[in-house]
$ cat protein01.tsv   # TSV, N, CA, C and O atoms
chain	number	residue	atom	x	y	z
A	1	MET	N	14.08	-15.08	65.49
A	1	MET	CA	14.03	-16.23	64.61
A	1	MET	C	13.79	-15.75	63.17
A	1	MET	O	13.06	-14.81	62.93
A	2	THR	N	14.42	-16.39	62.27
A	2	THR	CA	14.30	-16.06	60.85
A	2	THR	C	13.03	-16.69	60.29
A	2	THR	O	12.74	-17.85	60.56
A	3	THR	N	12.28	-15.93	59.50
A	3	THR	CA	11.05	-16.45	58.92
A	3	THR	C	11.31	-17.03	57.53
A	3	THR	O	12.33	-16.75	56.91
A	4	LYS	N	10.36	-17.82	57.05
A	4	LYS	CA	10.48	-18.42	55.71
A	4	LYS	C	10.54	-17.34	54.64
A	4	LYS	O	11.23	-17.48	53.64
A	5	GLU	N	9.81	-16.25	54.85
A	5	GLU	CA	9.82	-15.15	53.88
A	5	GLU	C	11.19	-14.48	53.81
A	5	GLU	O	11.67	-14.14	52.73
A	6	GLN	N	11.82	-14.32	54.96
A	6	GLN	CA	13.15	-13.71	54.98
A	6	GLN	C	14.17	-14.63	54.30
A	6	GLN	O	15.05	-14.15	53.58
A	7	ILE	N	14.05	-15.92	54.51
A	7	ILE	CA	14.96	-16.87	53.87
A	7	ILE	C	14.72	-16.89	52.36
A	7	ILE	O	15.67	-16.96	51.58
A	8	ALA	N	13.46	-16.82	51.95
A	8	ALA	CA	13.16	-16.79	50.52
A	8	ALA	C	13.80	-15.57	49.87
A	8	ALA	O	14.38	-15.65	48.79
A	9	GLU	N	13.74	-14.43	50.55
A	9	GLU	CA	14.35	-13.20	50.04
A	9	GLU	C	15.87	-13.34	50.01
A	9	GLU	O	16.52	-12.95	49.04
A	10	PHE	N	16.45	-13.92	51.07
A	10	PHE	CA	17.90	-14.10	51.14
A	10	PHE	C	18.40	-15.03	50.03
A	10	PHE	O	19.36	-14.75	49.35
A	11	SER	N	17.71	-16.16	49.86
A	11	SER	CA	18.21	-17.19	48.94
A	11	SER	C	17.80	-16.97	47.49
A	11	SER	O	18.31	-17.65	46.60
A	12	GLU	N	16.94	-15.99	47.24
A	12	GLU	CA	16.50	-15.72	45.86
A	12	GLU	C	17.70	-15.39	44.98
A	12	GLU	O	18.47	-14.48	45.26
A	13	GLY	N	17.89	-16.17	43.94
A	13	GLY	CA	18.99	-15.96	43.02
A	13	GLY	C	20.26	-16.70	43.39
A	13	GLY	O	21.11	-16.96	42.53
A	14	LEU	N	20.43	-17.06	44.66
A	14	LEU	CA	21.64	-17.76	45.07
A	14	LEU	C	21.65	-19.20	44.58
A	14	LEU	O	22.72	-19.79	44.42
A	15	GLU	N	20.46	-19.78	44.33
A	15	GLU	CA	20.40	-21.16	43.84
A	15	GLU	C	21.13	-21.28	42.50
A	15	GLU	O	21.69	-22.33	42.20
A	16	LEU	N	21.11	-20.22	41.73
A	16	LEU	CA	21.79	-20.23	40.43
A	16	LEU	C	23.29	-20.42	40.57
A	16	LEU	O	23.95	-20.89	39.65
A	17	PHE	N	23.82	-20.05	41.72
A	17	PHE	CA	25.26	-20.15	41.97
A	17	PHE	C	25.63	-21.42	42.73
A	17	PHE	O	26.78	-21.61	43.08
A	18	GLY	N	24.66	-22.27	43.06
A	18	GLY	CA	24.94	-23.50	43.79
A	18	GLY	C	24.80	-23.38	45.29
A	18	GLY	O	25.22	-24.26	46.03
A	19	VAL	N	24.20	-22.28	45.76
A	19	VAL	CA	23.99	-22.09	47.19
A	19	VAL	C	22.60	-22.63	47.54
A	19	VAL	O	21.63	-22.38	46.84
A	20	ARG	N	22.55	-23.37	48.65
A	20	ARG	CA	21.28	-23.94	49.11
A	20	ARG	C	21.11	-23.60	50.58
A	20	ARG	O	22.08	-23.63	51.35
A	21	VAL	N	19.90	-23.26	50.98
A	21	VAL	CA	19.60	-22.94	52.37
A	21	VAL	C	18.61	-23.99	52.88
A	21	VAL	O	17.58	-24.22	52.26
A	22	TYR	N	18.96	-24.63	54.01
A	22	TYR	CA	18.17	-25.73	54.52
A	22	TYR	C	17.80	-25.47	55.98
A	22	TYR	O	18.66	-25.09	56.78
A	23	PRO	N	16.51	-25.63	56.35
A	23	PRO	CA	16.11	-25.40	57.74
A	23	PRO	C	16.68	-26.46	58.68
A	23	PRO	O	16.73	-27.64	58.33
A	24	MET	N	17.14	-26.00	59.85
A	24	MET	CA	17.66	-26.93	60.84
A	24	MET	C	17.51	-26.31	62.23
A	24	MET	O	18.04	-25.24	62.49
A	25	MET	N	16.78	-26.97	63.09
A	25	MET	CA	16.60	-26.58	64.50
A	25	MET	C	16.20	-25.12	64.67
A	25	MET	O	16.79	-24.40	65.49
A	26	GLY	N	15.26	-24.65	63.92
A	26	GLY	CA	14.75	-23.29	64.08
A	26	GLY	C	15.50	-22.23	63.30
A	26	GLY	O	15.03	-21.11	63.18
A	27	ASP	N	16.67	-22.54	62.80
A	27	ASP	CA	17.43	-21.61	61.98
A	27	ASP	C	17.73	-22.30	60.65
A	27	ASP	O	17.09	-23.29	60.31
A	28	TYR	N	18.68	-21.77	59.90
A	28	TYR	CA	18.95	-22.29	58.56
A	28	TYR	C	20.44	-22.47	58.35
A	28	TYR	O	21.23	-21.65	58.78
A	29	VAL	N	20.80	-23.57	57.68
A	29	VAL	CA	22.20	-23.85	57.33
A	29	VAL	C	22.39	-23.48	55.87
A	29	VAL	O	21.53	-23.77	55.03
A	30	VAL	N	23.49	-22.82	55.56
A	30	VAL	CA	23.82	-22.42	54.19
A	30	VAL	C	24.84	-23.41	53.64
A	30	VAL	O	25.90	-23.63	54.25
A	31	TYR	N	24.50	-24.03	52.50
A	31	TYR	CA	25.36	-25.01	51.85
A	31	TYR	C	25.86	-24.46	50.52
A	31	TYR	O	25.12	-23.78	49.81
A	32	PHE	N	27.10	-24.78	50.20
A	32	PHE	CA	27.63	-24.54	48.86
A	32	PHE	C	28.24	-25.85	48.42
A	32	PHE	O	29.10	-26.41	49.12
A	33	ASP	N	27.82	-26.36	47.29
A	33	ASP	CA	28.32	-27.64	46.79
A	33	ASP	C	28.14	-28.74	47.84
A	33	ASP	O	29.03	-29.55	48.05
A	34	GLU	N	26.99	-28.69	48.51
A	34	GLU	CA	26.61	-29.66	49.55
A	34	GLU	C	27.54	-29.66	50.76
A	34	GLU	O	27.54	-30.60	51.54
A	35	LYS	N	28.30	-28.60	50.94
A	35	LYS	CA	29.15	-28.45	52.12
A	35	LYS	C	28.60	-27.29	52.95
A	35	LYS	O	28.35	-26.21	52.42
A	36	PRO	N	28.40	-27.49	54.26
A	36	PRO	CA	27.89	-26.41	55.09
A	36	PRO	C	28.94	-25.31	55.28
A	36	PRO	O	30.01	-25.55	55.83
A	37	VAL	N	28.64	-24.12	54.80
A	37	VAL	CA	29.60	-23.01	54.86
A	37	VAL	C	29.19	-21.93	55.86
A	37	VAL	O	29.98	-21.06	56.18
A	38	GLY	N	27.97	-22.00	56.33
A	38	GLY	CA	27.51	-20.99	57.27
A	38	GLY	C	26.09	-21.24	57.71
A	38	GLY	O	25.54	-22.32	57.50
A	39	CYS	N	25.50	-20.22	58.32
A	39	CYS	CA	24.12	-20.34	58.78
A	39	CYS	C	23.45	-18.97	58.79
A	39	CYS	O	24.11	-17.93	58.77
A	40	VAL	N	22.14	-19.00	58.81
A	40	VAL	CA	21.34	-17.79	58.96
A	40	VAL	C	20.59	-17.93	60.27
A	40	VAL	O	19.76	-18.84	60.42
A	41	CYS	N	20.90	-17.09	61.23
A	41	CYS	CA	20.27	-17.10	62.54
A	41	CYS	C	19.78	-15.69	62.84
A	41	CYS	O	20.53	-14.72	62.68
A	42	ASP	N	18.54	-15.58	63.27
A	42	ASP	CA	17.95	-14.28	63.57
A	42	ASP	C	18.11	-13.31	62.41
A	42	ASP	O	18.43	-12.14	62.60
A	43	ASN	N	17.93	-13.83	61.21
A	43	ASN	CA	18.00	-13.05	59.96
A	43	ASN	C	19.37	-12.41	59.74
A	43	ASN	O	19.48	-11.35	59.14
A	44	ARG	N	20.42	-13.06	60.24
A	44	ARG	CA	21.79	-12.59	60.04
A	44	ARG	C	22.61	-13.74	59.48
A	44	ARG	O	22.47	-14.87	59.90
A	45	LEU	N	23.48	-13.45	58.54
A	45	LEU	CA	24.30	-14.45	57.87
A	45	LEU	C	25.64	-14.59	58.59
A	45	LEU	O	26.37	-13.61	58.78
A	46	PHE	N	25.97	-15.83	58.97
A	46	PHE	CA	27.23	-16.14	59.62
A	46	PHE	C	27.99	-17.15	58.76
A	46	PHE	O	27.41	-18.13	58.30
A	47	ILE	N	29.29	-16.92	58.55
A	47	ILE	CA	30.12	-17.78	57.72
A	47	ILE	C	31.18	-18.45	58.60
A	47	ILE	O	31.79	-17.81	59.47
A	48	LYS	N	31.41	-19.76	58.37
A	48	LYS	CA	32.41	-20.52	59.12
A	48	LYS	C	33.79	-19.88	58.99
A	48	LYS	O	34.12	-19.30	57.97
A	49	GLU	N	34.59	-20.08	60.03
A	49	GLU	CA	35.97	-19.59	60.00
A	49	GLU	C	36.87	-20.66	59.38
A	49	GLU	O	36.93	-21.80	59.85
A	50	THR	N	37.52	-20.31	58.29
A	50	THR	CA	38.52	-21.14	57.63
A	50	THR	C	39.68	-20.21	57.26
A	50	THR	O	39.53	-18.98	57.33
A	51	PRO	N	40.81	-20.74	56.83
A	51	PRO	CA	41.90	-19.85	56.40
A	51	PRO	C	41.47	-18.88	55.29
A	51	PRO	O	41.84	-17.72	55.30
A	52	VAL	N	40.68	-19.37	54.33
A	52	VAL	CA	40.22	-18.50	53.24
A	52	VAL	C	39.20	-17.48	53.74
A	52	VAL	O	39.24	-16.31	53.36
A	53	SER	N	38.28	-17.91	54.62
A	53	SER	CA	37.28	-16.95	55.10
A	53	SER	C	37.91	-15.84	55.94
A	53	SER	O	37.40	-14.73	55.99
A	54	ARG	N	39.06	-16.13	56.57
A	54	ARG	CA	39.76	-15.08	57.31
A	54	ARG	C	40.20	-13.96	56.38
A	54	ARG	O	40.16	-12.80	56.74
A	55	THR	N	40.64	-14.33	55.17
A	55	THR	CA	41.06	-13.30	54.22
A	55	THR	C	39.86	-12.63	53.55
A	55	THR	O	39.88	-11.43	53.35
A	56	LEU	N	38.84	-13.42	53.24
A	56	LEU	CA	37.68	-12.86	52.53
A	56	LEU	C	36.75	-12.06	53.43
A	56	LEU	O	36.17	-11.06	53.00
A	57	PHE	N	36.58	-12.51	54.67
A	57	PHE	CA	35.64	-11.87	55.58
A	57	PHE	C	36.32	-11.32	56.83
A	57	PHE	O	35.65	-11.04	57.83
A	58	GLY	N	37.63	-11.15	56.79
A	58	GLY	CA	38.38	-10.69	57.95
A	58	GLY	C	37.96	-9.36	58.51
A	58	GLY	O	38.16	-9.09	59.69
A	59	ASP	N	37.35	-8.52	57.70
A	59	ASP	CA	36.89	-7.21	58.19
A	59	ASP	C	35.52	-7.29	58.86
A	59	ASP	O	35.05	-6.31	59.43
A	60	CYS	N	34.87	-8.46	58.81
A	60	CYS	CA	33.56	-8.66	59.44
A	60	CYS	C	33.75	-9.05	60.90
A	60	CYS	O	34.72	-9.73	61.24
A	61	PRO	N	32.83	-8.66	61.78
A	61	PRO	CA	32.96	-9.04	63.19
A	61	PRO	C	32.74	-10.54	63.39
A	61	PRO	O	32.00	-11.18	62.63
A	62	MET	N	33.40	-11.10	64.39
A	62	MET	CA	33.23	-12.51	64.75
A	62	MET	C	32.30	-12.58	65.95
A	62	MET	O	32.61	-12.05	67.01
A	63	LEU	N	31.14	-13.23	65.75
A	63	LEU	CA	30.15	-13.38	66.81
A	63	LEU	C	29.59	-14.80	66.77
A	63	LEU	O	29.51	-15.40	65.70
A	64	PRO	N	29.16	-15.32	67.92
A	64	PRO	CA	28.48	-16.62	67.88
A	64	PRO	C	27.05	-16.42	67.37
A	64	PRO	O	26.36	-15.49	67.80
A	65	PRO	N	26.58	-17.26	66.45
A	65	PRO	CA	25.22	-17.11	65.93
A	65	PRO	C	24.15	-17.40	66.97
A	65	PRO	O	23.04	-16.89	66.88
A	66	TYR	N	24.47	-18.23	67.96
A	66	TYR	CA	23.54	-18.55	69.04
A	66	TYR	C	24.37	-18.92	70.26
A	66	TYR	O	25.58	-19.14	70.17
A	67	VAL	N	23.74	-19.00	71.40
A	67	VAL	CA	24.43	-19.27	72.66
A	67	VAL	C	25.10	-20.64	72.59
A	67	VAL	O	24.48	-21.63	72.20
A	68	GLY	N	26.37	-20.68	72.92
A	68	GLY	CA	27.12	-21.92	72.93
A	68	GLY	C	27.81	-22.26	71.62
A	68	GLY	O	28.54	-23.24	71.54
A	69	ALA	N	27.59	-21.46	70.59
A	69	ALA	CA	28.19	-21.73	69.28
A	69	ALA	C	29.57	-21.09	69.18
A	69	ALA	O	29.88	-20.13	69.88
A	70	LYS	N	30.39	-21.65	68.28
A	70	LYS	CA	31.69	-21.04	67.98
A	70	LYS	C	31.46	-19.73	67.24
A	70	LYS	O	30.52	-19.62	66.45
A	71	PRO	N	32.30	-18.74	67.46
A	71	PRO	CA	32.15	-17.48	66.71
A	71	PRO	C	32.34	-17.70	65.21
A	71	PRO	O	33.15	-18.52	64.79
A	72	ARG	N	31.56	-16.96	64.45
A	72	ARG	CA	31.63	-17.00	62.99
A	72	ARG	C	31.60	-15.57	62.48
A	72	ARG	O	31.28	-14.65	63.21
A	73	TYR	N	31.92	-15.41	61.21
A	73	TYR	CA	31.92	-14.08	60.62
A	73	TYR	C	30.48	-13.64	60.34
A	73	TYR	O	29.74	-14.34	59.65
A	74	LEU	N	30.11	-12.50	60.88
A	74	LEU	CA	28.80	-11.91	60.62
A	74	LEU	C	28.92	-11.07	59.36
A	74	LEU	O	29.64	-10.07	59.33
A	75	VAL	N	28.23	-11.48	58.29
A	75	VAL	CA	28.33	-10.82	57.00
A	75	VAL	C	27.07	-10.00	56.76
A	75	VAL	O	25.96	-10.52	56.81
A	76	GLU	N	27.26	-8.72	56.51
A	76	GLU	CA	26.15	-7.82	56.22
A	76	GLU	C	26.46	-7.04	54.94
A	76	GLU	O	27.61	-6.91	54.55
A	77	ASN	N	25.44	-6.55	54.30
A	77	ASN	CA	25.59	-5.73	53.09
A	77	ASN	C	26.45	-6.42	52.04
A	77	ASN	O	27.60	-6.06	51.82
A	78	TYR	N	25.90	-7.42	51.39
A	78	TYR	CA	26.65	-8.20	50.41
A	78	TYR	C	25.90	-8.24	49.08
A	78	TYR	O	24.69	-8.15	49.03
A	79	ASP	N	26.67	-8.39	48.02
A	79	ASP	CA	26.14	-8.64	46.69
A	79	ASP	C	26.05	-10.15	46.53
A	79	ASP	O	26.99	-10.87	46.87
A	80	LYS	N	24.92	-10.65	46.02
A	80	LYS	CA	24.71	-12.10	45.97
A	80	LYS	C	25.72	-12.82	45.09
A	80	LYS	O	26.21	-13.88	45.45
A	81	ALA	N	26.08	-12.26	43.96
A	81	ALA	CA	27.06	-12.90	43.08
A	81	ALA	C	28.43	-12.92	43.76
A	81	ALA	O	29.14	-13.93	43.71
A	82	GLU	N	28.80	-11.83	44.39
A	82	GLU	CA	30.08	-11.75	45.10
A	82	GLU	C	30.09	-12.72	46.29
A	82	GLU	O	31.08	-13.40	46.54
A	83	LEU	N	28.97	-12.79	47.01
A	83	LEU	CA	28.86	-13.70	48.14
A	83	LEU	C	29.01	-15.15	47.68
A	83	LEU	O	29.75	-15.93	48.29
A	84	ALA	N	28.35	-15.52	46.60
A	84	ALA	CA	28.44	-16.89	46.08
A	84	ALA	C	29.87	-17.22	45.68
A	84	ALA	O	30.34	-18.34	45.93
A	85	ALA	N	30.58	-16.28	45.08
A	85	ALA	CA	31.98	-16.51	44.69
A	85	ALA	C	32.84	-16.74	45.93
A	85	ALA	O	33.70	-17.63	45.94
A	86	LYS	N	32.60	-15.97	46.97
A	86	LYS	CA	33.37	-16.15	48.21
A	86	LYS	C	33.02	-17.47	48.88
A	86	LYS	O	33.91	-18.16	49.40
A	87	LEU	N	31.74	-17.84	48.87
A	87	LEU	CA	31.33	-19.10	49.49
A	87	LEU	C	31.93	-20.29	48.77
A	87	LEU	O	32.25	-21.31	49.39
A	88	SER	N	32.11	-20.18	47.45
A	88	SER	CA	32.73	-21.29	46.71
A	88	SER	C	34.17	-21.49	47.17
A	88	SER	O	34.65	-22.62	47.26
A	89	LYS	N	34.87	-20.41	47.47
A	89	LYS	CA	36.25	-20.51	47.95
A	89	LYS	C	36.31	-21.11	49.35
A	89	LYS	O	37.21	-21.89	49.67
A	90	VAL	N	35.35	-20.74	50.20
A	90	VAL	CA	35.28	-21.31	51.55
A	90	VAL	C	34.97	-22.80	51.46
A	90	VAL	O	35.59	-23.62	52.12
A	91	ALA	N	34.01	-23.17	50.62
A	91	ALA	CA	33.62	-24.58	50.47
A	91	ALA	C	34.76	-25.43	49.95
A	91	ALA	O	34.88	-26.61	50.31
A	92	ALA	N	35.61	-24.86	49.12
A	92	ALA	CA	36.73	-25.61	48.56
A	92	ALA	C	37.68	-26.10	49.65
A	92	ALA	O	38.37	-27.10	49.47
A	93	GLN	N	37.72	-25.41	50.78
A	93	GLN	CA	38.61	-25.80	51.87
A	93	GLN	C	37.97	-26.78	52.85
A	93	GLN	O	38.64	-27.28	53.73
A	94	LEU	N	36.69	-27.02	52.72
A	94	LEU	CA	36.00	-27.91	53.65
A	94	LEU	C	36.01	-29.34	53.12
A	94	LEU	O	36.01	-29.56	51.91
A	95	PRO	N	35.99	-30.32	54.03
A	95	PRO	CA	35.98	-31.71	53.58
A	95	PRO	C	34.66	-32.07	52.91
A	95	PRO	O	33.62	-31.45	53.18
A	96	ALA	N	34.71	-33.07	52.04
A	96	ALA	CA	33.49	-33.54	51.40
A	96	ALA	C	32.55	-34.15	52.43
A	96	ALA	O	33.01	-34.70	53.43
A	97	PRO	N	31.25	-34.00	52.22
A	97	PRO	CA	30.31	-34.59	53.19
A	97	PRO	C	30.44	-36.11	53.23
A	97	PRO	O	30.74	-36.74	52.21
A	98	LYS	N	30.25	-36.68	54.40
A	98	LYS	CA	30.34	-38.12	54.56
A	98	LYS	C	29.11	-38.78	53.93
A	98	LYS	O	28.01	-38.25	54.00
A	99	LYS	N	29.34	-39.93	53.33
A	99	LYS	CA	28.26	-40.69	52.72
A	99	LYS	C	27.39	-41.31	53.82
A	99	LYS	O	27.91	-41.83	54.80
A	100	LYS	N	26.07	-41.22	53.64
A	100	LYS	CA	25.16	-41.84	54.60
A	100	LYS	C	25.03	-43.31	54.29
A	100	LYS	O	25.06	-43.73	53.15
A	101	LYS	N	24.90	-44.09	55.34
A	101	LYS	CA	24.78	-45.55	55.15
A	101	LYS	C	23.38	-45.93	54.79
A	101	LYS	O	22.42	-45.36	55.11

$ encode --input "protein01.tsv" --output "structure tokens"
Amino acid sequence: MTTKEQIAEFSEGLELFGVRVYPMMGDYVVYFDEKPVGCVCDNRLFIKETPVSRTLFGDCPMLPPYVGAKPRYLVENYDKAELAAKLSKVAAQLPAPKKKK
């Protein structure tokens, strides 16, 4: 399980680029422009599979972040500015979040 300290270290500086990390069911969801683009599970970053993420993260292994989940790109050894730029491209392909009633 990922700790709050590990998430603080991961997300430090990413807020400047519009990345937000939100706790959900014991792990964390990574948002860019209020669109969920990935998750942090067991202190590992996983990015959703989209046509753009296939080109940007295609060299990363595809693993499920937890049992029963769809495989996602496991991203390791990243520069935060470069990661934020890639996440913006992934978010651009995702639908806008639905309005809550």

$ atom_distance --input "protein01.tsv" --atom1 "atom O of Ile7 of chain A" --atom2 "atom O of Arg20 of chain A"
9.3 Å

$ select_by_dssp --input "protein01.tsv" --residues "segment 9-65 of chain A" --states "alpha helix (DSSP H)" --output "JSON, numbers by chain"
{"A": [9, 10, 11, 51, 52, 53, 54, 55, 56, 57]}

$ residues_around --input "protein01.tsv" --residues "segment 85-94 of chain A" --least-positions-apart "6" --cutoff "7 Å" --atoms "only C-alpha atoms" --output "list in words"
Phe32, Lys35, Val37, Thr50, Val52, Ser53 and Leu56 of chain A

$ closest_residue --input "protein01.tsv" --among "A:Pro65, A:Asp59, A:Leu16, A:Val75" --to "Tyr28 of chain A" --atoms "only C-alpha atoms"
A:Pro65

$ closest_residue --input "protein01.tsv" --among "A:Tyr31, A:Ala8, A:Lys100, A:Phe57" --to "Glu82 of chain A" --atoms "only C-alpha atoms"
A:Phe57

$ closest_residue --input "protein01.tsv" --among "A:Arg54, A:Lys80, A:Lys70, A:Lys48" --to "Gly13 of chain A" --atoms "all atoms listed in the file"
A:Lys80

$ residues_around --input "protein01.tsv" --residues "Ala84 of chain A" --least-positions-apart "5" --cutoff "8 Å" --atoms "only C-alpha atoms" --output "list of chain:residue names"
A:Leu14, A:Phe17, A:Gly18, A:Val19

$ atom_distance --input "protein01.tsv" --atom1 "atom CA of Glu76 of chain A" --atom2 "atom CA of Leu45 of chain A"
7.1 Å

$ atom_distance --input "protein01.tsv" --atom1 "atom CA of Pro23 of chain A" --atom2 "atom N of Thr3 of chain A"
10.4 Å

$ axis_aligned_box --input "protein01.tsv" --around "segment 30-42 of chain A" --padding-each-side "4 Å" --output "lines of an AutoDock Vina configuration file"
center_x = 24.0
center_y = -21.4
center_z = 55.2
size_x = 20.1
size_y = 26.5
size_z = 24.8

$ residues_near_point --input "protein01.tsv" --point "(21.4, -19.3, 59.1)" --cutoff "6 Å" --atoms "only N, CA, C and O atoms" --output "short mmCIF file (atom, residue, chain, number, x, y, z; two decimals) with N, CA, C and O atoms, in the coordinates of the input"
data_model
loop_
_atom_site.label_atom_id
_atom_site.label_comp_id
_atom_site.auth_asym_id
_atom_site.auth_seq_id
_atom_site.Cartn_x
_atom_site.Cartn_y
_atom_site.Cartn_z
N ASP A 27 16.67 -22.54 62.80
CA ASP A 27 17.43 -21.61 61.98
C ASP A 27 17.73 -22.30 60.65
O ASP A 27 17.09 -23.29 60.31
N TYR A 28 18.68 -21.77 59.90
CA TYR A 28 18.95 -22.29 58.56
C TYR A 28 20.44 -22.47 58.35
O TYR A 28 21.23 -21.65 58.78
N VAL A 29 20.80 -23.57 57.68
CA VAL A 29 22.20 -23.85 57.33
C VAL A 29 22.39 -23.48 55.87
O VAL A 29 21.53 -23.77 55.03
N VAL A 30 23.49 -22.82 55.56
CA VAL A 30 23.82 -22.42 54.19
C VAL A 30 24.84 -23.41 53.64
O VAL A 30 25.90 -23.63 54.25
N GLY A 38 27.97 -22.00 56.33
CA GLY A 38 27.51 -20.99 57.27
C GLY A 38 26.09 -21.24 57.71
O GLY A 38 25.54 -22.32 57.50
N CYS A 39 25.50 -20.22 58.32
CA CYS A 39 24.12 -20.34 58.78
C CYS A 39 23.45 -18.97 58.79
O CYS A 39 24.11 -17.93 58.77
N VAL A 40 22.14 -19.00 58.81
CA VAL A 40 21.34 -17.79 58.96
C VAL A 40 20.59 -17.93 60.27
O VAL A 40 19.76 -18.84 60.42
N CYS A 41 20.90 -17.09 61.23
CA CYS A 41 20.27 -17.10 62.54
C CYS A 41 19.78 -15.69 62.84
O CYS A 41 20.53 -14.72 62.68
N ARG A 44 20.42 -13.06 60.24
CA ARG A 44 21.79 -12.59 60.04
C ARG A 44 22.61 -13.74 59.48
O ARG A 44 22.47 -14.87 59.90
N LEU A 45 23.48 -13.45 58.54
CA LEU A 45 24.30 -14.45 57.87
C LEU A 45 25.64 -14.59 58.59
O LEU A 45 26.37 -13.61 58.78
N PHE A 46 25.97 -15.83 58.97
CA PHE A 46 27.23 -16.14 59.62
C PHE A 46 27.99 -17.15 58.76
O PHE A 46 27.41 -18.13 58.30
#

$ residues_around --input "protein01.tsv" --residues "Pro97 of chain A" --least-positions-apart "4" --cutoff "8 Å" --atoms "only N, CA, C and O atoms" --output "ChimeraX atom specification"
/A:33-36

$ build_atoms --input "protein01.tsv" --residues "segment 9-15 of chain A" --atoms "all heavy atoms" --output "compact mmCIF listing (two decimals), in the coordinates of the input"
# COMPACT_ATOMS: atom_id res chain seq x y z
N GLU A 9 13.74 -14.43 50.55
CA GLU A 9 14.35 -13.20 50.04
C GLU A 9 15.87 -13.34 50.01
O GLU A 9 16.52 -12.95 49.04
CB GLU A 9 13.96 -12.02 50.92
CG GLU A 9 14.54 -10.70 50.47
CD GLU A 9 14.14 -9.56 51.40
OE1 GLU A 9 13.03 -9.58 51.94
OE2 GLU A 9 14.99 -8.67 51.59
N PHE A 10 16.45 -13.92 51.07
CA PHE A 10 17.90 -14.10 51.14
C PHE A 10 18.40 -15.03 50.03
O PHE A 10 19.36 -14.75 49.35
CB PHE A 10 18.30 -14.66 52.50
CG PHE A 10 19.69 -15.23 52.55
CD1 PHE A 10 20.79 -14.39 52.59
CD2 PHE A 10 19.90 -16.59 52.50
CE1 PHE A 10 22.07 -14.91 52.61
CE2 PHE A 10 21.18 -17.12 52.53
CZ PHE A 10 22.26 -16.28 52.58
N SER A 11 17.71 -16.16 49.86
CA SER A 11 18.21 -17.19 48.94
C SER A 11 17.80 -16.97 47.49
O SER A 11 18.31 -17.65 46.60
CB SER A 11 17.76 -18.57 49.40
OG SER A 11 16.36 -18.66 49.39
N GLU A 12 16.94 -15.99 47.24
CA GLU A 12 16.50 -15.72 45.86
C GLU A 12 17.70 -15.39 44.98
O GLU A 12 18.47 -14.48 45.26
CB GLU A 12 15.52 -14.56 45.85
CG GLU A 12 14.97 -14.25 44.48
CD GLU A 12 14.00 -13.09 44.50
OE1 GLU A 12 13.67 -12.59 45.58
OE2 GLU A 12 13.59 -12.68 43.42
N GLY A 13 17.89 -16.17 43.94
CA GLY A 13 18.99 -15.96 43.02
C GLY A 13 20.26 -16.70 43.39
O GLY A 13 21.11 -16.96 42.53
N LEU A 14 20.43 -17.06 44.66
CA LEU A 14 21.64 -17.76 45.07
C LEU A 14 21.65 -19.20 44.58
O LEU A 14 22.72 -19.79 44.42
CB LEU A 14 21.81 -17.73 46.60
CG LEU A 14 22.27 -16.40 47.18
CD1 LEU A 14 22.27 -16.46 48.70
CD2 LEU A 14 23.64 -16.02 46.67
N GLU A 15 20.46 -19.78 44.33
CA GLU A 15 20.40 -21.16 43.84
C GLU A 15 21.13 -21.28 42.50
O GLU A 15 21.69 -22.33 42.20
CB GLU A 15 18.95 -21.62 43.66
CG GLU A 15 18.09 -21.49 44.89
CD GLU A 15 17.36 -20.15 44.95
OE1 GLU A 15 17.32 -19.40 43.96
OE2 GLU A 15 16.85 -19.85 46.03
